[in-house]
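File shown: protein.txt. Contents: compact mmCIF, C-alpha atoms.
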# COMPACT_ATOMS: atom_id res chain seq x y z
CA MET A 16 0.00 0.00 0.00
CA LYS A 17 1.41 3.40 -0.92
CA THR A 18 1.59 5.61 2.14
CA LYS A 19 3.53 8.48 0.64
CA ASP A 20 1.16 10.85 2.25
CA ASN A 21 1.41 13.77 4.60
CA GLN A 22 -1.61 12.60 6.58
CA GLY A 23 0.64 10.54 8.86
CA PRO A 24 0.84 6.75 9.10
CA LEU A 25 -2.21 4.50 9.26
CA TRP A 26 -3.33 2.95 12.56
CA GLU A 27 -5.80 0.13 13.13
CA VAL A 28 -8.40 0.76 15.82
CA PHE A 29 -9.88 -1.83 18.19
CA THR A 30 -12.73 -0.99 20.54
CA GLN A 31 -14.25 -2.75 23.51
CA LYS A 32 -17.93 -1.94 23.78
CA LYS A 33 -18.50 -3.13 27.33
CA GLN A 34 -16.27 -4.19 30.17
CA GLY A 35 -15.47 -7.88 29.83
CA GLN A 36 -16.16 -8.09 26.11
CA PRO A 37 -13.45 -8.78 23.56
CA PHE A 38 -11.83 -5.95 21.61
CA ARG A 39 -13.01 -5.82 18.01
CA HIS A 40 -11.55 -4.17 14.95
CA SER A 41 -13.47 -0.95 14.20
CA GLY A 42 -11.51 0.60 11.34
CA SER A 43 -8.46 2.75 10.81
CA VAL A 44 -7.24 6.33 11.19
CA HIS A 45 -4.34 8.40 9.95
CA ALA A 46 -2.39 10.10 12.74
CA TYR A 47 1.11 11.41 13.29
CA ASP A 48 1.85 9.79 16.65
CA LYS A 49 0.27 7.53 19.25
CA THR A 50 -1.32 10.32 21.29
CA LEU A 51 -3.03 11.82 18.26
CA ALA A 52 -3.92 8.33 17.01
CA ILE A 53 -5.81 7.31 20.14
CA GLU A 54 -7.59 10.68 20.36
CA ALA A 55 -8.61 10.51 16.71
CA ALA A 56 -9.80 6.94 17.24
CA ARG A 57 -11.90 8.06 20.22
CA ASP A 58 -13.46 10.92 18.25
CA LEU A 59 -14.13 8.72 15.25
CA PHE A 60 -15.30 5.43 16.72
CA THR A 61 -16.77 6.10 20.18
CA ARG A 62 -18.92 9.22 19.74
CA ARG A 63 -21.99 7.29 20.91
CA ASN A 64 -20.63 5.61 24.01
CA GLU A 65 -19.33 2.66 22.03
CA GLY A 66 -16.19 2.31 24.08
CA THR A 67 -14.96 1.27 27.50
CA GLY A 68 -11.59 0.34 26.05
CA LEU A 69 -9.58 1.38 23.00
CA TRP A 70 -6.44 0.09 21.28
CA VAL A 71 -4.58 1.53 18.33
CA VAL A 72 -1.69 -0.16 16.59
CA LYS A 73 0.28 0.97 13.56
CA SER A 74 -1.07 -0.90 10.55
CA GLU A 75 2.46 -1.83 9.44
CA PHE A 76 2.79 -4.04 12.53
CA ILE A 77 -0.21 -6.21 11.66
CA ILE A 78 0.78 -9.60 10.31
CA ASP A 79 -1.78 -11.40 8.21
CA VAL A 80 -2.25 -14.50 6.09
CA GLN A 81 -2.11 -13.84 2.37
CA PRO A 82 -5.39 -14.84 0.67
CA GLU A 83 -3.63 -17.19 -1.76
CA GLU A 84 -2.00 -19.04 1.15
CA ALA A 85 -5.11 -19.20 3.31
CA ASP A 86 -6.27 -22.61 2.10
CA SER A 87 -3.08 -24.46 2.91
CA PHE A 88 -2.42 -22.38 6.01
CA PHE A 89 -5.70 -23.38 7.65
CA GLU A 90 -5.72 -26.88 6.17
CA PRO A 91 -4.54 -28.72 9.33
CA ALA A 92 -7.83 -27.94 11.11
CA LYS A 93 -10.01 -29.32 8.33
CA ASP A 94 -9.93 -33.07 9.09
CA LYS A 95 -10.21 -32.96 12.88
CA ILE A 96 -13.93 -33.23 13.33
CA TYR A 97 -13.32 -35.10 16.63
CA ARG A 98 -12.62 -31.68 18.16
CA HIS A 99 -16.36 -30.99 18.01
CA PRO A 100 -18.78 -32.41 20.60
CA THR A 101 -21.23 -33.55 17.91
CA PHE A 102 -18.65 -36.11 16.69
CA TYR A 103 -19.29 -38.47 19.63
CA ASP A 104 -21.95 -41.20 19.85
CA MET A 105 -23.94 -40.83 23.03
CA PRO A 106 -26.32 -43.49 24.41
CA ASP A 107 -29.99 -42.52 24.30
CA GLY A 108 -31.26 -41.07 27.52
CA VAL A 109 -27.98 -39.66 28.79
CA LYS A 110 -28.53 -36.40 30.67
CA ASN A 111 -26.50 -33.33 31.60
CA MET A 112 -23.85 -34.07 28.99
CA MET B 3 1.26 -22.62 -10.66
CA LYS B 4 0.07 -19.21 -11.78
CA LYS B 5 -3.53 -18.95 -12.84
CA ASN B 6 -4.38 -17.05 -15.98
CA THR B 7 -6.58 -13.96 -15.97
CA GLU B 8 -9.56 -15.72 -17.45
CA GLN B 9 -9.52 -18.30 -14.68
CA LEU B 10 -9.11 -15.63 -12.02
CA GLU B 11 -12.03 -13.68 -13.46
CA LEU B 12 -14.23 -16.76 -13.39
CA GLU B 13 -13.36 -17.46 -9.76
CA PHE B 14 -13.91 -13.81 -8.90
CA GLN B 15 -17.41 -13.74 -10.43
CA GLU B 16 -18.21 -17.03 -8.68
CA LYS B 17 -17.35 -15.45 -5.32
CA ILE B 18 -19.54 -12.45 -6.15
CA ASP B 19 -22.42 -14.69 -7.20
CA ASN B 20 -22.11 -16.62 -3.94
CA GLU B 21 -22.20 -13.41 -1.87
CA ILE B 22 -18.60 -13.84 -0.68
CA LYS B 23 -17.09 -10.44 0.07
CA ILE B 24 -13.96 -9.32 -1.76
CA GLU B 25 -11.18 -8.19 0.58
CA PRO B 26 -8.31 -5.76 -0.17
CA LYS B 27 -5.62 -8.35 -0.90
CA ASP B 28 -7.87 -10.66 -2.96
CA TRP B 29 -7.41 -10.75 -6.70
CA MET B 30 -9.88 -8.45 -8.50
CA PRO B 31 -10.25 -7.25 -12.10
CA ASP B 32 -8.65 -3.85 -12.73
CA ALA B 33 -11.97 -2.40 -13.84
CA TYR B 34 -13.60 -3.52 -10.56
CA ARG B 35 -10.85 -1.79 -8.60
CA LYS B 36 -11.15 1.39 -10.69
CA ASN B 37 -14.91 1.42 -10.44
CA LEU B 38 -14.71 1.10 -6.64
CA ILE B 39 -12.02 3.77 -6.34
CA ARG B 40 -14.27 6.14 -8.27
CA GLN B 41 -17.44 5.32 -6.37
CA ILE B 42 -16.03 5.18 -2.82
CA SER B 43 -13.90 8.30 -3.16
CA GLN B 44 -16.85 10.18 -4.67
CA HIS B 45 -18.91 9.04 -1.70
CA ALA B 46 -16.18 10.17 0.74
CA HIS B 47 -15.86 13.57 -0.92
CA SER B 48 -19.63 13.99 -0.73
CA GLU B 49 -19.62 13.46 3.03
CA VAL B 50 -16.87 16.03 3.54
CA ILE B 51 -18.13 18.66 1.07
CA GLY B 52 -21.58 18.07 2.57
CA MET B 53 -20.34 19.62 5.81
CA GLN B 54 -20.26 23.05 4.13
CA PRO B 55 -23.94 23.82 3.43
CA GLU B 56 -24.79 22.96 7.03
CA GLY B 57 -21.71 24.66 8.46
CA ASN B 58 -23.26 27.82 7.04
CA TRP B 59 -25.92 27.70 9.79
CA ILE B 60 -23.94 26.78 12.93
CA THR B 61 -23.50 30.35 14.08
CA ARG B 62 -27.12 31.19 13.25
CA ALA B 63 -28.91 28.16 14.68
CA PRO B 64 -32.09 29.36 16.43
CA SER B 65 -31.36 27.71 19.80
CA LEU B 66 -28.55 26.10 21.76
CA ARG B 67 -30.27 22.74 21.32
CA ALA B 68 -30.39 23.18 17.55
CA LYS B 69 -26.78 24.30 17.49
CA LYS B 70 -25.52 21.30 19.46
CA ILE B 71 -27.42 18.91 17.23
CA LEU B 72 -26.16 20.56 14.06
CA LEU B 73 -22.56 20.41 15.30
CA ALA B 74 -22.96 16.72 16.15
CA LYS B 75 -24.44 15.97 12.75
CA ILE B 76 -21.67 17.79 10.89
CA GLN B 77 -19.07 15.98 12.97
CA ASP B 78 -20.71 12.71 11.94
CA GLU B 79 -20.45 13.66 8.26
CA GLY B 80 -16.73 14.29 8.71
CA GLY B 81 -16.44 10.90 10.41
CA HIS B 82 -18.30 9.21 7.58
CA GLY B 83 -15.89 10.80 5.12
CA LEU B 84 -13.00 9.30 7.10
CA TYR B 85 -14.54 5.79 7.15
CA LEU B 86 -14.96 5.99 3.39
CA TYR B 87 -11.50 7.38 2.64
CA SER B 88 -10.05 4.50 4.67
CA ALA B 89 -12.10 1.99 2.69
CA ALA B 90 -10.98 3.59 -0.59
CA GLU B 91 -7.34 3.61 0.48
CA THR B 92 -7.37 -0.18 0.84
CA LEU B 93 -7.54 -0.23 -2.99
CA GLY B 94 -4.03 1.20 -3.18
CA VAL B 95 -4.55 4.95 -3.55
CA SER B 96 -3.30 7.34 -0.87
CA ARG B 97 -5.45 9.87 1.00
CA ASP B 98 -3.42 12.71 -0.48
CA THR B 99 -4.04 11.48 -4.00
CA PHE B 100 -7.79 11.42 -3.39
CA LEU B 101 -7.70 15.02 -2.20
CA GLN B 102 -5.56 15.98 -5.18
CA TRP B 103 -8.10 14.44 -7.58
CA LEU B 104 -10.88 16.34 -5.84
CA HIS B 105 -9.02 19.64 -6.10
CA GLN B 106 -8.15 19.02 -9.75
CA GLY B 107 -11.78 18.29 -10.56
CA LYS B 108 -10.96 14.68 -11.54
CA ALA B 109 -13.14 13.31 -8.76
CA LYS B 110 -16.73 14.35 -8.20
CA TYR B 111 -18.98 14.64 -5.19
CA SER B 112 -22.75 14.59 -4.96
CA SER B 113 -24.24 17.56 -6.82
CA ILE B 114 -26.78 18.18 -4.08
CA PHE B 115 -24.11 20.04 -2.09
CA ASN B 116 -23.75 22.60 -4.84
CA TYR B 117 -27.08 24.15 -3.85
CA PRO B 118 -27.07 27.00 -1.31
CA THR B 119 -28.73 26.85 2.12
CA LEU B 120 -30.80 30.01 2.25
CA ASN B 121 -32.98 29.72 5.34
CA TRP B 122 -33.09 27.69 8.55
CA ALA B 123 -35.69 25.33 7.12
CA ASP B 124 -33.00 24.23 4.65
CA MET B 125 -31.34 22.46 7.59
CA GLY B 126 -34.57 20.56 8.00
CA ALA B 127 -34.87 19.82 4.28
CA ILE B 128 -31.29 18.58 4.09
CA GLY B 129 -31.66 16.21 7.03
CA TRP B 130 -35.06 14.95 5.93
CA LEU B 131 -34.56 14.76 2.13
CA VAL B 132 -30.83 14.68 1.46
CA ASP B 133 -29.94 12.36 4.33
CA GLY B 134 -33.17 10.47 3.65
CA ALA B 135 -32.13 9.85 0.05
CA ALA B 136 -28.61 8.98 1.16
CA ILE B 137 -29.97 6.44 3.65
CA VAL B 138 -32.03 4.65 0.98
CA ASN B 139 -28.89 4.38 -1.12
CA GLN B 140 -26.63 3.40 1.78
CA VAL B 141 -28.93 0.76 3.23
CA SER B 142 -28.75 -0.93 -0.16
CA LEU B 143 -24.95 -0.52 -0.25
CA GLN B 144 -24.51 -2.35 3.06
CA LYS B 145 -24.60 -5.48 0.90
CA THR B 146 -22.02 -4.23 -1.61
CA SER B 147 -19.47 -6.87 -2.62
CA TYR B 148 -16.33 -5.07 -1.40
CA GLY B 149 -15.75 -5.87 2.30
CA PRO B 150 -14.28 -2.57 3.55
CA TYR B 151 -16.97 -0.55 1.71
CA SER B 152 -19.72 -2.74 3.11
CA ARG B 153 -18.42 -2.42 6.68
CA ALA B 154 -18.18 1.37 6.33
CA MET B 155 -21.80 1.43 5.10
CA VAL B 156 -23.02 -0.58 8.10
CA ARG B 157 -21.42 1.91 10.50
CA ILE B 158 -22.70 4.90 8.55
CA CYS B 159 -26.28 3.61 8.38
CA LYS B 160 -26.32 3.14 12.16
CA GLU B 161 -25.39 6.78 12.62
CA GLU B 162 -27.45 8.35 9.84
CA SER B 163 -30.92 7.67 11.13
CA PHE B 164 -30.64 10.46 13.70
CA HIS B 165 -29.77 12.83 10.87
CA GLN B 166 -32.99 12.24 9.02
CA ARG B 167 -35.11 12.45 12.16
CA GLN B 168 -33.55 15.72 13.29
CA GLY B 169 -34.27 17.18 9.84
CA TYR B 170 -37.86 16.05 9.87
CA GLU B 171 -38.27 17.47 13.39
CA ILE B 172 -37.13 20.89 12.15
CA MET B 173 -39.56 20.70 9.22
CA THR B 174 -42.42 19.61 11.48
CA LYS B 175 -41.81 22.46 13.92
CA MET B 176 -41.69 25.03 11.15
CA ALA B 177 -44.66 23.58 9.29
CA ARG B 178 -46.68 23.86 12.51
CA GLY B 179 -45.32 27.32 13.38
CA THR B 180 -46.33 30.77 12.17
CA LYS B 181 -47.49 31.37 8.62
CA GLU B 182 -44.04 32.70 7.72
CA GLN B 183 -42.32 29.66 9.23
CA LYS B 184 -44.56 27.31 7.31
CA GLN B 185 -43.76 29.25 4.14
CA MET B 186 -40.04 28.84 4.81
CA ALA B 187 -40.51 25.09 5.24
CA GLN B 188 -42.47 24.87 1.99
CA ASP B 189 -39.85 26.98 0.22
CA ALA B 190 -37.08 24.65 1.40
CA LEU B 191 -39.04 21.61 0.21
CA ASN B 192 -39.63 23.31 -3.16
CA ARG B 193 -35.93 23.92 -3.66
CA PHE B 194 -34.61 20.57 -2.38
CA TRP B 195 -37.20 18.11 -3.67
CA TRP B 196 -35.96 17.78 -7.26
CA PRO B 197 -32.24 17.91 -6.46
CA ALA B 198 -32.89 15.15 -3.86
CA LEU B 199 -34.46 12.96 -6.57
CA MET B 200 -31.45 13.67 -8.80
CA MET B 201 -29.14 12.28 -6.08
CA PHE B 202 -29.95 8.76 -7.29
CA GLY B 203 -28.35 9.54 -10.65
CA PRO B 204 -29.56 9.22 -14.23
CA HIS B 205 -32.32 6.83 -15.28
CA ASP B 206 -31.20 3.21 -15.53
CA SER B 207 -31.36 3.47 -19.31
CA ASP B 208 -28.85 6.37 -19.28
CA SER B 209 -26.53 5.27 -16.50
CA ALA B 210 -22.99 4.65 -17.74
CA HIS B 211 -21.69 2.50 -14.89
CA SER B 212 -24.85 0.74 -13.80
CA SER B 213 -25.01 -2.67 -15.46
CA GLN B 214 -21.41 -3.66 -14.74
CA SER B 215 -21.73 -2.35 -11.18
CA LEU B 216 -24.81 -4.50 -10.66
CA LYS B 217 -23.12 -7.58 -12.10
CA TRP B 218 -20.19 -7.07 -9.74
CA LYS B 219 -22.62 -6.22 -6.94
CA ILE B 220 -20.84 -2.94 -6.23
CA LYS B 221 -24.34 -1.53 -6.49
CA ARG B 222 -27.15 -3.81 -5.39
CA GLU B 223 -30.16 -1.98 -6.80
CA SER B 224 -30.66 0.32 -9.76
CA ASN B 225 -30.92 4.12 -9.62
CA ASP B 226 -34.62 4.12 -10.53
CA THR B 227 -35.53 1.41 -8.01
CA LEU B 228 -33.86 3.33 -5.18
CA ARG B 229 -35.35 6.65 -6.29
CA GLN B 230 -38.84 5.17 -6.34
CA ARG B 231 -38.36 3.74 -2.84
CA PHE B 232 -37.38 7.18 -1.58
CA ILE B 233 -40.36 8.86 -3.25
CA ASP B 234 -42.82 6.35 -1.80
CA LYS B 235 -41.45 6.81 1.71
CA THR B 236 -41.21 10.58 1.56
CA VAL B 237 -44.43 11.83 -0.06
CA PRO B 238 -46.64 10.67 2.85
CA GLN B 239 -44.17 12.28 5.30
CA ALA B 240 -44.66 15.62 3.52
CA GLU B 241 -48.44 15.23 3.60
CA LEU B 242 -48.42 14.38 7.29
CA ILE B 243 -46.99 17.78 8.20
CA GLY B 244 -49.09 19.68 5.67
CA LEU B 245 -46.43 20.41 3.08
CA THR B 246 -46.89 20.02 -0.66
CA VAL B 247 -44.44 18.14 -2.86
CA PRO B 248 -43.66 20.54 -5.74
CA ASP B 249 -44.74 18.24 -8.56
CA PRO B 250 -48.07 18.88 -10.34
CA ASP B 251 -47.86 15.44 -11.98
CA LEU B 252 -47.49 13.53 -8.71
CA GLU B 253 -50.06 10.77 -8.62
CA LEU B 254 -50.75 7.92 -6.23
CA GLN B 255 -51.15 4.71 -8.21
CA PRO B 256 -53.34 1.75 -7.23
CA ASN B 257 -50.25 -0.26 -6.20
CA GLY B 258 -49.47 2.35 -3.53
CA SER B 259 -46.53 3.76 -5.44
CA TYR B 260 -46.25 7.39 -6.63
CA LYS B 261 -45.84 8.42 -10.24
CA THR B 262 -43.84 11.64 -10.60
CA GLY B 263 -43.22 14.19 -13.30
CA GLU B 264 -39.99 14.09 -15.30
CA ILE B 265 -36.80 15.29 -13.67
CA ASN B 266 -35.05 18.24 -15.31
CA TRP B 267 -31.96 16.41 -16.53
CA ASP B 268 -30.48 19.51 -18.13
CA GLU B 269 -30.23 21.00 -14.65
CA PHE B 270 -28.67 17.77 -13.35
CA TRP B 271 -25.95 17.63 -16.01
CA ASN B 272 -25.32 21.34 -15.75
CA VAL B 273 -24.55 21.03 -12.02
CA VAL B 274 -22.50 17.85 -12.54
CA LYS B 275 -20.41 19.75 -15.10
CA GLY B 276 -19.57 22.38 -12.53
CA ASN B 277 -22.10 25.10 -13.25
CA GLY B 278 -24.34 24.76 -10.21
CA PRO B 279 -24.93 27.71 -7.89
CA CYS B 280 -22.12 26.79 -5.44
CA ASN B 281 -19.65 24.45 -7.24
CA LYS B 282 -16.80 26.96 -7.28
CA GLN B 283 -17.38 28.12 -3.74
CA ARG B 284 -17.46 24.58 -2.29
CA LEU B 285 -14.24 23.51 -3.94
CA ALA B 286 -12.44 26.78 -3.22
CA HIS B 287 -13.38 26.49 0.45
CA HIS B 288 -12.11 22.92 0.66
CA LYS B 289 -8.81 23.86 -0.99
CA LYS B 290 -8.38 26.83 1.31
CA ALA B 291 -8.98 24.76 4.44
CA HIS B 292 -6.57 22.11 3.18
CA ASP B 293 -3.86 24.62 2.29
CA GLU B 294 -4.22 26.57 5.49
CA GLY B 295 -3.89 23.35 7.48
CA ARG B 296 -0.64 22.39 5.81
CA TRP B 297 1.56 23.92 8.49
CA VAL B 298 -0.29 21.90 11.16
CA ARG B 299 0.34 18.63 9.28
CA GLU B 300 3.98 19.54 8.78
CA ALA B 301 4.45 20.52 12.41
CA CYS B 302 2.85 17.26 13.62
CA LEU B 303 5.02 15.23 11.28
CA ALA B 304 8.18 17.03 12.41
CA PHE B 305 7.23 16.54 16.06
CA ALA B 306 6.49 12.83 15.54
CA GLU B 307 9.81 12.26 13.79
CA HIS B 308 11.71 14.24 16.41
Will you turn the file into structure tokens for me?
Amino acid sequence: MKTKDNQGPLWEVFTQKKQGQPFRHSGSVHAYDKTLAIEAARDLFTRRNEGTGLWVVKSEFIIDVQPEEADSFFEPAKDKIYRHPTFYDMPDGVKNM
Amino acid sequence: MKKNTEQLELEFQEKIDNEIKIEPKDWMPDAYRKNLIRQISQHAHSEVIGMQPEGNWITRAPSLRAKKILLAKIQDEGGHGLYLYSAAETLGVSRDTFLQWLHQGKAKYSSIFNYPTLNWADMGAIGWLVDGAAIVNQVSLQKTSYGPYSRAMVRICKEESFHQRQGYEIMTKMARGTKEQKQMAQDALNRFWWPALMMFGPHDSDSAHSSQSLKWKIKRESNDTLRQRFIDKTVPQAELIGLTVPDPDLELQPNGSYKTGEINWDEFWNVVKGNGPCNKQRLAHHKKAHDEGRWVREACLAFAEH
């Protein structure tokens, strides 16, 4: 991605809606440093009380799986259906299981 | 092994047909990317330029309540512009380039913002009609095929509904006020009704980008379908508060849908081409604000690198 831009680097924003809930990706902002980034993220993504917690991280530090590699990367999980509870035969009438 | 373009295109269309969202790093046809860059950046510019007609009334809002609401709404529009610029940037074009294209006249924004806001009721008409039309369009775009654009639309739709309601509240108050106030409300409706209908773009038969956009599911519904939906929702809202839609040919059909007179397309194209009442003023103001903010951006950058 070309970032030859005088808007500052790009930051990814994660918000936590309520205490105890996981942080979720909300979007991204341009900002020059971490103080401005977290303030811009607050103004942009929590104007309606949508935040009890907020993270920003420079986009360049995010590591992701390339789409063309995704199939083989996630392949090991595909044939392990015994990790799911529905795999197991249960006798009729069993309770609280 | 490398796949050839034909194969990639087939797989791409298959994903679209199966409602699988396209993400920034996925393969996509160049024309799809270009089409999205044009549409999303135009949408972003519209949000930001759209702050100007309403900004005109902040210092003259009739009460503190009205002023606070107007400020909040304009701040939302700025925020929506930022969501959309971010979505557009995922296609490989920088924020600065988008602004450059706007300033050079290469990128457009919605023509509705080239009309002046002459009286306070215009704030009502904009919220009710302009945001109302935008909502009809944006609700449909929540299902657009490009992931970042779709997610931006979901956020925007959640925030927009207050905009329309605050506009309709202003119109209701004025329509139920003094004779002069009601006249101002009617005058605002008269001036904004047709431009609001034009927001949906040319008729399907004359729309340059439509059929490919629908096939790629960038757009989910046609211009005329969306326009008709807006008309059918809005006419009864006007009647409810005693205002008259400025269209002598307006007619309720047996199927519950309204038939309207023909839109003045010469006016539409004239404003698109830059000859609307405020085109020059809007762009000049945006350039000025951008140029005058340059020293702030440079100072921040210098401080951050320090």
Could you please select, counting all atoms listed in the file, the residues of chain B within 9 Å of chain A and state them as an MDAnalysis selection string? chainID B and resid 25 27:29 78 80:82 84:85 88:89 91:99 150 153:154 161 296 299:300 302:303 305:307
For range 58-70 of chain B: contacts at 9 Å, all atoms listed in the file, fewer than 4 positions along chain excluded, given as a list in words: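 My list of contacting residues is Met53, Gln54, Ala74, Lys75, Thr119, Asn121, Trp122, Met125 and Ile172 of chain B.
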Write the residues you've just listed into a file as an mmCIF file, keeping the file's coordinate frame, and include C-alpha atoms for each of them.
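Contents of out.cif, freshly written:
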data_model
loop_
_atom_site.group_PDB
_atom_site.id
_atom_site.type_symbol
_atom_site.label_atom_id
_atom_site.label_comp_id
_atom_site.auth_asym_id
_atom_site.auth_seq_id
_atom_site.Cartn_x
_atom_site.Cartn_y
_atom_site.Cartn_z
ATOM 1 C CA MET B 53 -20.340 19.620 5.810
ATOM 2 C CA GLN B 54 -20.260 23.050 4.130
ATOM 3 C CA ALA B 74 -22.960 16.720 16.150
ATOM 4 C CA LYS B 75 -24.440 15.970 12.750
ATOM 5 C CA THR B 119 -28.730 26.850 2.120
ATOM 6 C CA ASN B 121 -32.980 29.720 5.340
ATOM 7 C CA TRP B 122 -33.090 27.690 8.550
ATOM 8 C CA MET B 125 -31.340 22.460 7.590
ATOM 9 C CA ILE B 172 -37.130 20.890 12.150
#
Test item: residues at most 9 Å from Asp19 in chain B, only C-alpha atoms, excluding those fewer than 5 positions along its chain, as a CSV table (one decimal) with C-alpha atoms, in the coordinates of the input:
chain,number,residue,atom,x,y,z
B,14,PHE,CA,-13.9,-13.8,-8.9
B,217,LYS,CA,-23.1,-7.6,-12.1
B,218,TRP,CA,-20.2,-7.1,-9.7
B,219,LYS,CA,-22.6,-6.2,-6.9
Go ahead and compute the interatomic distance for CA of Leu285 in chain B and CA of Asp124 in chain B, in Å to one decimal. 20.6 Å
Take every atom of range 79-91 of chain A listed in the file, fit an axis-aligned box around them, add 8 Å per side, and give the centre and edge lengths in Å to one decimal as JSON.
{"center_x": -4.0, "center_y": -20.1, "center_z": 3.8, "size_x": 20.5, "size_y": 33.3, "size_z": 27.1}
Atom pair CA of Glu8 in chain B / CA of Ala33 in chain B: separation (Å):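 Distance between the two atoms: 14.0 Å.
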I'd like the neighbourhood of Ala187 in chain B as a PDB file with C-alpha atoms, keeping the file's coordinate frame, where a residue qualifies if any of its atoms comes within 10 Å (using all atoms listed in the file), though same-chain residues fewer than 6 positions away should be ignored.
ATOM      1  CA  ASN B 121     -32.980  29.720   5.340  1.00  0.00           C
ATOM      2  CA  TRP B 122     -33.090  27.690   8.550  1.00  0.00           C
ATOM      3  CA  ALA B 123     -35.690  25.330   7.120  1.00  0.00           C
ATOM      4  CA  ASP B 124     -33.000  24.230   4.650  1.00  0.00           C
ATOM      5  CA  MET B 125     -31.340  22.460   7.590  1.00  0.00           C
ATOM      6  CA  GLY B 126     -34.570  20.560   8.000  1.00  0.00           C
ATOM      7  CA  ALA B 127     -34.870  19.820   4.280  1.00  0.00           C
ATOM      8  CA  ILE B 172     -37.130  20.890  12.150  1.00  0.00           C
ATOM      9  CA  MET B 173     -39.560  20.700   9.220  1.00  0.00           C
ATOM     10  CA  THR B 174     -42.420  19.610  11.480  1.00  0.00           C
ATOM     11  CA  LYS B 175     -41.810  22.460  13.920  1.00  0.00           C
ATOM     12  CA  MET B 176     -41.690  25.030  11.150  1.00  0.00           C
ATOM     13  CA  ALA B 177     -44.660  23.580   9.290  1.00  0.00           C
ATOM     14  CA  ARG B 178     -46.680  23.860  12.510  1.00  0.00           C
ATOM     15  CA  GLY B 179     -45.320  27.320  13.380  1.00  0.00           C
ATOM     16  CA  LYS B 181     -47.490  31.370   8.620  1.00  0.00           C
ATOM     17  CA  LEU B 245     -46.430  20.410   3.080  1.00  0.00           C
TER      18      LEU B 245
END
Hey, can you check how far CA of Leu101 in chain B sits from CA of Tyr87 in chain B?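 So the two atoms, CA of Leu101 in chain B and CA of Tyr87 in chain B, lie 9.8 Å apart.
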May I ask you to restore N, CA and C atoms in range 113-124 of chain B and write the result as a PDB file, keeping the file's coordinate frame?
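Output (result-v2.pdb):
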ATOM      1  N   SER B 113     -23.862  16.213  -6.372  1.00  0.00           N
ATOM      2  CA  SER B 113     -24.240  17.560  -6.820  1.00  0.00           C
ATOM      3  C   SER B 113     -25.155  18.292  -5.850  1.00  0.00           C
ATOM      4  N   ILE B 114     -25.828  17.559  -5.001  1.00  0.00           N
ATOM      5  CA  ILE B 114     -26.780  18.180  -4.080  1.00  0.00           C
ATOM      6  C   ILE B 114     -26.101  19.251  -3.228  1.00  0.00           C
ATOM      7  N   PHE B 115     -24.802  19.092  -2.974  1.00  0.00           N
ATOM      8  CA  PHE B 115     -24.110  20.040  -2.090  1.00  0.00           C
ATOM      9  C   PHE B 115     -23.674  21.300  -2.819  1.00  0.00           C
ATOM     10  N   ASN B 116     -24.029  21.384  -4.101  1.00  0.00           N
ATOM     11  CA  ASN B 116     -23.750  22.600  -4.840  1.00  0.00           C
ATOM     12  C   ASN B 116     -24.934  23.567  -4.827  1.00  0.00           C
ATOM     13  N   TYR B 117     -25.945  23.232  -4.011  1.00  0.00           N
ATOM     14  CA  TYR B 117     -27.080  24.150  -3.850  1.00  0.00           C
ATOM     15  C   TYR B 117     -26.883  24.918  -2.541  1.00  0.00           C
ATOM     16  N   PRO B 118     -27.273  26.191  -2.525  1.00  0.00           N
ATOM     17  CA  PRO B 118     -27.070  27.000  -1.310  1.00  0.00           C
ATOM     18  C   PRO B 118     -28.108  26.682  -0.234  1.00  0.00           C
ATOM     19  N   THR B 119     -27.771  27.012   1.022  1.00  0.00           N
ATOM     20  CA  THR B 119     -28.730  26.850   2.120  1.00  0.00           C
ATOM     21  C   THR B 119     -29.181  28.228   2.560  1.00  0.00           C
ATOM     22  N   LEU B 120     -30.378  28.618   2.153  1.00  0.00           N
ATOM     23  CA  LEU B 120     -30.800  30.010   2.250  1.00  0.00           C
ATOM     24  C   LEU B 120     -31.565  30.355   3.524  1.00  0.00           C
ATOM     25  N   ASN B 121     -32.282  29.400   4.080  1.00  0.00           N
ATOM     26  CA  ASN B 121     -32.980  29.720   5.340  1.00  0.00           C
ATOM     27  C   ASN B 121     -32.897  28.541   6.293  1.00  0.00           C
ATOM     28  N   TRP B 122     -33.278  28.735   7.538  1.00  0.00           N
ATOM     29  CA  TRP B 122     -33.090  27.690   8.550  1.00  0.00           C
ATOM     30  C   TRP B 122     -33.814  26.401   8.186  1.00  0.00           C
ATOM     31  N   ALA B 123     -34.947  26.536   7.499  1.00  0.00           N
ATOM     32  CA  ALA B 123     -35.690  25.330   7.120  1.00  0.00           C
ATOM     33  C   ALA B 123     -34.865  24.446   6.186  1.00  0.00           C
ATOM     34  N   ASP B 124     -33.864  25.044   5.514  1.00  0.00           N
ATOM     35  CA  ASP B 124     -33.000  24.230   4.650  1.00  0.00           C
ATOM     36  C   ASP B 124     -32.261  23.169   5.456  1.00  0.00           C
TER      37      ASP B 124
END
